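J.: Shown below is the structure under consideration.
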Amino acid sequence: MPNPSSAYHAFATLLGSAGHPVSPAELHGLLLGRCCAGAGFDPAPWLADAADVLASEPADNIRQALLGLQEMVKGELTGGDMTVVLLLPGDEAPLVERAQALGQWCQGFLAGFGLVAGDRALSNDAREVLQDLAAIAQVQGALEESEDGESDYMEVMEYLRVAPLLLFTEFAKPPTPADAAQPSLH
């Protein structure tokens with residue numbers, strides 16, 4: 001995969017040239033949120049949800065980029081790396097721009113997760129991760145260009161590289177034969 005910073009810029013240019021005022025970070029968050037909630041990796045529902053966010057059916061070049069993004073996310077979530085690469089502007093971008101994209105990523109993640117998870121019961125850990133994401137989405141303008149601001153941003157980014165994996169592990173694991181054998185209590 002190309003470096004995330006250049007991928008972000010290329011995807012932003014692609015979306016902008018097609019008249020879609022949507023951030024690549026928001027789309028990546030939406031996709032990852034859906035997958036972590038158990039949506040799987042079937043391209044049709046992903047493309048339908050992306051079309052809703054884009055407010056139109058994506059052109060072929062954007063459709064291909066969305067499918068490539070899905071393949072990247074699938075590889076990260078099902079691989080052994082235990083980390084997610086966030087599609088965000090690079091370190092050369094002003095901190096305020098990076099923080100804004102981080103907030104958009106969190107908003108997209110929460111939207112995607114909510115679309116799929118609905119009102120399923122959450123563990124305390126899962127609820128805590130989702131509350132953290134909601135809080136991060138709200139503070140996007142609060143980081144200032146400073147060494148402390150950079151440090152805070154990097155800390156949040158590191159958290160977001162691993163936190164979604166907890167949700168994926170909880171919600172997207174296939175049912176085990178033991179789960180299927182358990183009688184339901186109705």
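Chain lettering (A, B, ...) mirrors the order of the structure tokens, residue numbering begins at 1 for each chain separately, and ligand numbering begins at 1 in order of display.
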Quick one: residues within 12 Å of Glu71 of chain A, only C-alpha atoms counted, chain neighbours fewer than 2 positions away excluded, as an NGL selection string?
T.: :A and (1 or 28 or 31-32 or 35 or 40-43 or 46 or 64-69 or 73-79)
J.: Could you please take those selected residues and save N, CA, C and O atoms as a compact mmCIF listing (two decimals), in the first residue's frame?
T.:
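As a result, result-v1.txt now contains:
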```txt
# COMPACT_ATOMS: atom_id res chain seq x y z
N MET A 1 0.84 -1.18 0.00
CA MET A 1 0.00 0.00 0.00
C MET A 1 0.89 1.24 0.00
O MET A 1 1.90 1.29 0.70
N HIS A 28 -13.21 6.21 5.22
CA HIS A 28 -12.43 5.12 5.81
C HIS A 28 -13.01 4.75 7.18
O HIS A 28 -13.15 3.57 7.50
N LEU A 31 -16.24 2.77 6.65
CA LEU A 31 -15.95 1.40 6.25
C LEU A 31 -15.45 0.57 7.43
O LEU A 31 -15.93 -0.54 7.67
N LEU A 32 -14.51 1.11 8.17
CA LEU A 32 -13.95 0.36 9.29
C LEU A 32 -15.01 0.14 10.37
O LEU A 32 -15.09 -0.95 10.95
N CYS A 35 -17.29 -2.70 9.25
CA CYS A 35 -16.59 -3.99 9.35
C CYS A 35 -16.43 -4.43 10.80
O CYS A 35 -16.61 -5.61 11.11
N GLY A 40 -19.01 -7.66 7.60
CA GLY A 40 -18.32 -8.53 6.64
C GLY A 40 -17.69 -7.70 5.54
O GLY A 40 -17.56 -6.48 5.64
N PHE A 41 -17.32 -8.37 4.46
CA PHE A 41 -16.56 -7.70 3.41
C PHE A 41 -17.22 -7.83 2.04
O PHE A 41 -16.55 -7.71 1.02
N ASP A 42 -18.52 -8.05 2.01
CA ASP A 42 -19.25 -8.07 0.75
C ASP A 42 -19.25 -6.65 0.19
O ASP A 42 -19.65 -5.71 0.88
N PRO A 43 -18.79 -6.46 -1.05
CA PRO A 43 -18.67 -5.10 -1.58
C PRO A 43 -20.00 -4.38 -1.81
O PRO A 43 -20.06 -3.16 -1.68
N TRP A 46 -21.26 -2.23 1.16
CA TRP A 46 -20.29 -1.16 1.39
C TRP A 46 -20.47 -0.07 0.35
O TRP A 46 -20.52 1.11 0.66
N GLN A 64 -13.77 2.00 -7.78
CA GLN A 64 -12.56 1.18 -7.68
C GLN A 64 -11.73 1.56 -6.45
O GLN A 64 -11.18 0.69 -5.77
N ALA A 65 -11.65 2.85 -6.17
CA ALA A 65 -10.91 3.31 -4.98
C ALA A 65 -11.59 2.80 -3.71
O ALA A 65 -10.92 2.38 -2.76
N LEU A 66 -12.92 2.82 -3.69
CA LEU A 66 -13.66 2.32 -2.52
C LEU A 66 -13.46 0.82 -2.33
O LEU A 66 -13.31 0.35 -1.20
N LEU A 67 -13.43 0.09 -3.44
CA LEU A 67 -13.18 -1.35 -3.35
C LEU A 67 -11.75 -1.63 -2.89
O LEU A 67 -11.51 -2.56 -2.11
N GLY A 68 -10.80 -0.83 -3.36
CA GLY A 68 -9.42 -0.97 -2.91
C GLY A 68 -9.28 -0.67 -1.42
O GLY A 68 -8.55 -1.37 -0.70
N LEU A 69 -10.00 0.34 -0.97
CA LEU A 69 -10.00 0.68 0.45
C LEU A 69 -10.55 -0.49 1.27
O LEU A 69 -10.01 -0.84 2.31
N VAL A 73 -8.67 -2.63 4.25
CA VAL A 73 -9.25 -2.81 5.59
C VAL A 73 -9.42 -4.30 5.90
O VAL A 73 -9.11 -4.75 7.00
N LYS A 74 -9.87 -5.07 4.93
CA LYS A 74 -10.03 -6.51 5.14
C LYS A 74 -8.70 -7.14 5.52
O LYS A 74 -8.62 -7.94 6.45
N GLY A 75 -7.64 -6.77 4.81
CA GLY A 75 -6.32 -7.30 5.10
C GLY A 75 -5.84 -6.93 6.49
O GLY A 75 -5.25 -7.75 7.20
N GLU A 76 -6.12 -5.69 6.90
CA GLU A 76 -5.71 -5.26 8.23
C GLU A 76 -6.48 -5.98 9.34
O GLU A 76 -5.90 -6.40 10.34
N LEU A 77 -7.78 -6.11 9.15
CA LEU A 77 -8.60 -6.70 10.20
C LEU A 77 -8.44 -8.21 10.30
O LEU A 77 -8.57 -8.78 11.38
N THR A 78 -8.17 -8.86 9.19
CA THR A 78 -8.07 -10.32 9.21
C THR A 78 -6.63 -10.80 9.24
O THR A 78 -6.38 -11.99 9.40
N GLY A 79 -5.67 -9.88 9.10
CA GLY A 79 -4.26 -10.25 9.15
C GLY A 79 -3.78 -10.35 10.58
O GLY A 79 -4.53 -10.15 11.53
```
J.: With segment 145-165 of chain A as the partner and 7 Å as the cut-off, tabulate the residues of segment 45-103 of chain A that qualify, each row holding the nearest pair of atoms and their distance in Å to one decimal, using only C-alpha atoms, sorted by chain and rising number, as CSV.
T.:
```
residue,atom,partner,partner_atom,distance
A:Met82,CA,A:Val162,CA,6.8
A:Thr83,CA,A:Val162,CA,5.3
A:Val84,CA,A:Arg161,CA,4.7
A:Val85,CA,A:Arg161,CA,6.4
A:Leu86,CA,A:Arg161,CA,6.9
A:Leu95,CA,A:Glu145,CA,5.9
```
J.: When you count only C-alpha atoms, which of these residues is closest to His9 of chain A: A:Ile62, A:Gly38, A:Asp52, A:Leu88?
T.: A:Leu88
J.: Env of Gly29 of chain A: 7 Å cut, atoms = only C-alpha atoms, seq-sep filter 3 positions within chain, self excluded. Answer as a list in words.
T.: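 Near Gly29 of chain A, the qualifying residues are Ala25, Glu26, Leu32, Gly33, Trp105, Cys106, Gly108 and Phe109 of chain A.
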J.: With distances taken over only C-alpha atoms, which of A:Val53, A:Ala48, A:Pro89, A:Ala39 is nearest to Gly114 of chain A?
T.: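 Closest residue, counting only C-alpha atoms: A:Ala39.
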J.: Taking the backbone alone, and naming residues the way the document does, which bits of segment 86-180 of chain A are helix (DSSP H, G or I) by DSSP, as a compact mmCIF listing (two decimals) with N, CA, C and O atoms, in the first residue's frame?
T.:
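Below is the file out-v3.txt, written as the result:
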```
# COMPACT_ATOMS: atom_id res chain seq x y z
N LEU A 95 -1.62 20.87 11.98
CA LEU A 95 -2.24 20.06 13.02
C LEU A 95 -3.76 20.22 13.02
O LEU A 95 -4.48 19.23 13.18
N VAL A 96 -4.24 21.42 12.80
CA VAL A 96 -5.69 21.64 12.82
C VAL A 96 -6.38 20.83 11.71
O VAL A 96 -7.45 20.27 11.92
N GLU A 97 -5.74 20.72 10.55
CA GLU A 97 -6.29 19.93 9.44
C GLU A 97 -6.28 18.44 9.78
O GLU A 97 -7.25 17.71 9.53
N ARG A 98 -5.18 17.98 10.38
CA ARG A 98 -5.09 16.57 10.76
C ARG A 98 -6.09 16.23 11.86
O ARG A 98 -6.73 15.18 11.84
N ALA A 99 -6.26 17.14 12.83
CA ALA A 99 -7.22 16.91 13.92
C ALA A 99 -8.65 16.89 13.38
O ALA A 99 -9.47 16.08 13.81
N GLN A 100 -8.94 17.77 12.42
CA GLN A 100 -10.27 17.79 11.81
C GLN A 100 -10.54 16.47 11.09
O GLN A 100 -11.62 15.88 11.23
N ALA A 101 -9.56 15.97 10.35
CA ALA A 101 -9.72 14.69 9.66
C ALA A 101 -9.88 13.54 10.66
O ALA A 101 -10.67 12.62 10.43
N LEU A 102 -9.18 13.61 11.77
CA LEU A 102 -9.31 12.59 12.81
C LEU A 102 -10.74 12.59 13.37
O LEU A 102 -11.34 11.53 13.57
N GLY A 103 -11.29 13.79 13.57
CA GLY A 103 -12.68 13.89 14.02
C GLY A 103 -13.65 13.33 12.99
O GLY A 103 -14.61 12.63 13.34
N GLN A 104 -13.40 13.62 11.71
CA GLN A 104 -14.25 13.09 10.64
C GLN A 104 -14.15 11.57 10.58
O GLN A 104 -15.14 10.89 10.36
N TRP A 105 -12.95 11.05 10.80
CA TRP A 105 -12.76 9.60 10.83
C TRP A 105 -13.60 8.98 11.94
O TRP A 105 -14.31 7.99 11.72
N CYS A 106 -13.54 9.58 13.12
CA CYS A 106 -14.32 9.07 14.26
C CYS A 106 -15.82 9.14 13.98
O CYS A 106 -16.56 8.19 14.28
N GLN A 107 -16.28 10.25 13.40
CA GLN A 107 -17.69 10.38 13.06
C GLN A 107 -18.11 9.31 12.06
O GLN A 107 -19.16 8.69 12.19
N GLY A 108 -17.28 9.09 11.04
CA GLY A 108 -17.57 8.05 10.06
C GLY A 108 -17.60 6.68 10.70
O GLY A 108 -18.49 5.86 10.41
N PHE A 109 -16.64 6.40 11.58
CA PHE A 109 -16.58 5.11 12.26
C PHE A 109 -17.86 4.88 13.06
O PHE A 109 -18.48 3.81 12.97
N LEU A 110 -18.25 5.88 13.84
CA LEU A 110 -19.45 5.74 14.68
C LEU A 110 -20.70 5.53 13.81
O LEU A 110 -21.56 4.71 14.15
N ALA A 111 -20.77 6.25 12.70
CA ALA A 111 -21.92 6.08 11.79
C ALA A 111 -21.94 4.68 11.20
O ALA A 111 -22.99 4.01 11.18
N GLY A 112 -20.80 4.20 10.72
CA GLY A 112 -20.72 2.87 10.14
C GLY A 112 -21.01 1.79 11.16
O GLY A 112 -21.73 0.82 10.88
N PHE A 113 -20.47 1.94 12.35
CA PHE A 113 -20.70 0.95 13.40
C PHE A 113 -22.19 0.92 13.76
O PHE A 113 -22.79 -0.15 13.87
N GLY A 114 -22.78 2.09 13.90
CA GLY A 114 -24.20 2.18 14.26
C GLY A 114 -25.11 1.61 13.19
O GLY A 114 -26.13 0.99 13.50
N LEU A 115 -24.74 1.79 11.91
CA LEU A 115 -25.55 1.24 10.81
C LEU A 115 -25.69 -0.27 10.92
O LEU A 115 -26.75 -0.83 10.65
N VAL A 116 -24.61 -0.93 11.31
CA VAL A 116 -24.58 -2.39 11.33
C VAL A 116 -24.95 -2.96 12.69
O VAL A 116 -25.71 -3.91 12.78
N ALA A 117 -24.42 -2.36 13.76
CA ALA A 117 -24.62 -2.93 15.09
C ALA A 117 -26.02 -2.68 15.62
O ALA A 117 -26.54 -3.47 16.39
N ASN A 124 -18.73 -3.73 28.28
CA ASN A 124 -18.23 -2.48 28.86
C ASN A 124 -17.05 -1.94 28.07
O ASN A 124 -16.95 -0.73 27.86
N ASP A 125 -16.15 -2.83 27.63
CA ASP A 125 -15.00 -2.39 26.84
C ASP A 125 -15.43 -1.76 25.52
O ASP A 125 -14.92 -0.71 25.12
N ALA A 126 -16.38 -2.38 24.85
CA ALA A 126 -16.87 -1.85 23.57
C ALA A 126 -17.54 -0.50 23.78
O ALA A 126 -17.32 0.45 23.01
N ARG A 127 -18.35 -0.39 24.82
CA ARG A 127 -19.03 0.87 25.11
C ARG A 127 -17.99 1.97 25.38
O ARG A 127 -18.13 3.10 24.91
N GLU A 128 -16.93 1.62 26.11
CA GLU A 128 -15.88 2.58 26.42
C GLU A 128 -15.17 3.06 25.15
O GLU A 128 -14.90 4.26 24.98
N VAL A 129 -14.85 2.14 24.24
CA VAL A 129 -14.20 2.51 22.98
C VAL A 129 -15.11 3.46 22.18
O VAL A 129 -14.65 4.49 21.68
N LEU A 130 -16.39 3.15 22.09
CA LEU A 130 -17.31 4.00 21.33
C LEU A 130 -17.46 5.38 21.99
O LEU A 130 -17.55 6.40 21.30
N GLN A 131 -17.47 5.42 23.31
CA GLN A 131 -17.53 6.71 24.01
C GLN A 131 -16.26 7.52 23.76
O GLN A 131 -16.32 8.74 23.56
N ASP A 132 -15.11 6.83 23.74
CA ASP A 132 -13.85 7.51 23.43
C ASP A 132 -13.89 8.11 22.02
O ASP A 132 -13.48 9.25 21.81
N LEU A 133 -14.40 7.33 21.06
CA LEU A 133 -14.48 7.83 19.69
C LEU A 133 -15.40 9.04 19.60
O LEU A 133 -15.10 10.01 18.89
N ALA A 134 -16.51 9.00 20.31
CA ALA A 134 -17.44 10.14 20.32
C ALA A 134 -16.76 11.38 20.92
O ALA A 134 -16.91 12.49 20.41
N ALA A 135 -15.99 11.19 21.98
CA ALA A 135 -15.28 12.31 22.60
C ALA A 135 -14.21 12.86 21.66
O ALA A 135 -14.06 14.08 21.53
N ILE A 136 -13.47 11.98 21.00
CA ILE A 136 -12.42 12.41 20.07
C ILE A 136 -13.04 13.20 18.92
O ILE A 136 -12.50 14.22 18.47
N ALA A 137 -14.19 12.76 18.44
CA ALA A 137 -14.87 13.47 17.34
C ALA A 137 -15.23 14.89 17.74
O ALA A 137 -15.28 15.78 16.88
N GLN A 138 -15.45 15.13 19.02
CA GLN A 138 -15.86 16.46 19.49
C GLN A 138 -14.69 17.42 19.71
O GLN A 138 -14.89 18.63 19.68
N GLU A 147 4.07 21.61 20.59
CA GLU A 147 4.64 20.29 20.84
C GLU A 147 3.64 19.42 21.60
O GLU A 147 3.49 18.23 21.32
N ASP A 148 2.94 20.02 22.57
CA ASP A 148 1.93 19.26 23.33
C ASP A 148 0.78 18.84 22.42
O ASP A 148 0.27 17.73 22.55
N GLY A 149 0.37 19.73 21.52
CA GLY A 149 -0.71 19.40 20.59
C GLY A 149 -0.32 18.23 19.70
O GLY A 149 -1.11 17.32 19.47
N GLU A 150 0.92 18.25 19.19
CA GLU A 150 1.42 17.16 18.36
C GLU A 150 1.46 15.86 19.15
O GLU A 150 1.08 14.80 18.66
N SER A 151 1.91 15.95 20.38
CA SER A 151 2.00 14.77 21.24
C SER A 151 0.61 14.19 21.51
O SER A 151 0.41 12.97 21.44
N ASP A 152 -0.35 15.06 21.81
CA ASP A 152 -1.72 14.61 22.05
C ASP A 152 -2.30 13.94 20.80
O ASP A 152 -2.95 12.89 20.88
N TYR A 153 -2.06 14.55 19.64
CA TYR A 153 -2.55 14.00 18.38
C TYR A 153 -1.97 12.61 18.14
O TYR A 153 -2.70 11.67 17.79
N MET A 154 -0.67 12.46 18.34
CA MET A 154 -0.02 11.16 18.10
C MET A 154 -0.55 10.11 19.07
O MET A 154 -0.75 8.96 18.70
N GLU A 155 -0.80 10.50 20.31
CA GLU A 155 -1.33 9.58 21.30
C GLU A 155 -2.72 9.08 20.88
O GLU A 155 -3.01 7.88 20.96
N VAL A 156 -3.56 9.99 20.44
CA VAL A 156 -4.91 9.62 19.99
C VAL A 156 -4.83 8.72 18.77
O VAL A 156 -5.54 7.72 18.66
N MET A 157 -3.94 9.07 17.83
CA MET A 157 -3.79 8.24 16.63
C MET A 157 -3.37 6.82 16.97
O MET A 157 -3.89 5.85 16.40
N GLU A 158 -2.44 6.69 17.89
CA GLU A 158 -1.98 5.35 18.29
C GLU A 158 -3.14 4.55 18.91
O GLU A 158 -3.29 3.37 18.65
N TYR A 159 -3.94 5.21 19.71
CA TYR A 159 -5.10 4.56 20.32
C TYR A 159 -6.06 4.08 19.23
O TYR A 159 -6.56 2.95 19.27
N LEU A 160 -6.30 4.94 18.24
CA LEU A 160 -7.25 4.60 17.18
C LEU A 160 -6.72 3.52 16.23
O LEU A 160 -7.50 2.94 15.47
N ARG A 161 -5.45 3.24 16.27
CA ARG A 161 -4.90 2.16 15.44
C ARG A 161 -5.20 0.79 16.03
O ARG A 161 -5.17 -0.21 15.31
N VAL A 162 -5.48 0.74 17.33
CA VAL A 162 -5.74 -0.56 17.96
C VAL A 162 -7.16 -0.70 18.52
O VAL A 162 -7.69 -1.80 18.58
N ALA A 163 -7.78 0.40 18.92
CA ALA A 163 -9.11 0.33 19.54
C ALA A 163 -10.16 -0.35 18.66
O ALA A 163 -10.95 -1.17 19.16
N PRO A 164 -10.20 -0.08 17.34
CA PRO A 164 -11.21 -0.74 16.52
C PRO A 164 -11.08 -2.27 16.52
O PRO A 164 -12.06 -2.98 16.34
N LEU A 165 -9.88 -2.76 16.74
CA LEU A 165 -9.67 -4.21 16.74
C LEU A 165 -10.44 -4.89 17.87
O LEU A 165 -10.91 -6.01 17.72
N LEU A 166 -10.59 -4.20 19.00
CA LEU A 166 -11.38 -4.75 20.10
C LEU A 166 -12.83 -4.95 19.63
O LEU A 166 -13.42 -6.00 19.87
N LEU A 167 -13.37 -3.95 18.95
CA LEU A 167 -14.74 -4.04 18.46
C LEU A 167 -14.86 -5.13 17.39
O LEU A 167 -15.83 -5.89 17.38
N PHE A 168 -13.88 -5.19 16.51
CA PHE A 168 -13.91 -6.22 15.46
C PHE A 168 -13.89 -7.61 16.10
O PHE A 168 -14.64 -8.50 15.70
N THR A 169 -13.03 -7.80 17.09
CA THR A 169 -12.93 -9.09 17.76
C THR A 169 -14.25 -9.46 18.43
O THR A 169 -14.68 -10.61 18.38
N GLU A 170 -14.91 -8.47 19.02
CA GLU A 170 -16.16 -8.74 19.73
C GLU A 170 -17.34 -8.97 18.79
O GLU A 170 -18.16 -9.85 19.02
N PHE A 171 -17.45 -8.18 17.73
CA PHE A 171 -18.65 -8.20 16.91
C PHE A 171 -18.53 -8.97 15.60
O PHE A 171 -19.53 -9.41 15.06
N PRO A 177 -19.35 -23.18 16.83
CA PRO A 177 -20.35 -24.25 16.97
C PRO A 177 -20.97 -24.26 18.37
O PRO A 177 -22.15 -24.55 18.52
N ALA A 178 -20.20 -23.89 19.39
CA ALA A 178 -20.75 -23.84 20.74
C ALA A 178 -21.83 -22.76 20.86
O ALA A 178 -22.83 -22.95 21.54
N ASP A 179 -21.61 -21.61 20.17
CA ASP A 179 -22.63 -20.55 20.19
C ASP A 179 -23.92 -21.03 19.55
O ASP A 179 -25.01 -20.73 20.04
N ALA A 180 -23.81 -21.75 18.47
CA ALA A 180 -25.00 -22.25 17.77
C ALA A 180 -25.74 -23.27 18.59
O ALA A 180 -26.96 -23.42 18.47
```
J.: From the list A:Ala37, A:Ala12, A:Leu122, A:Ala18, which residue is nearest Glu57 of chain A when using only C-alpha atoms?
T.: A:Ala18
J.: Need to verify the contact set: Phe11 of chain A, 9 Å, only C-alpha atoms, exclusion of same-chain residues closer than 2 positions in sequence. Can you return it as an MDAnalysis selection string?
T.: chainID A and resid 6:9 13:16 23:24 62 65
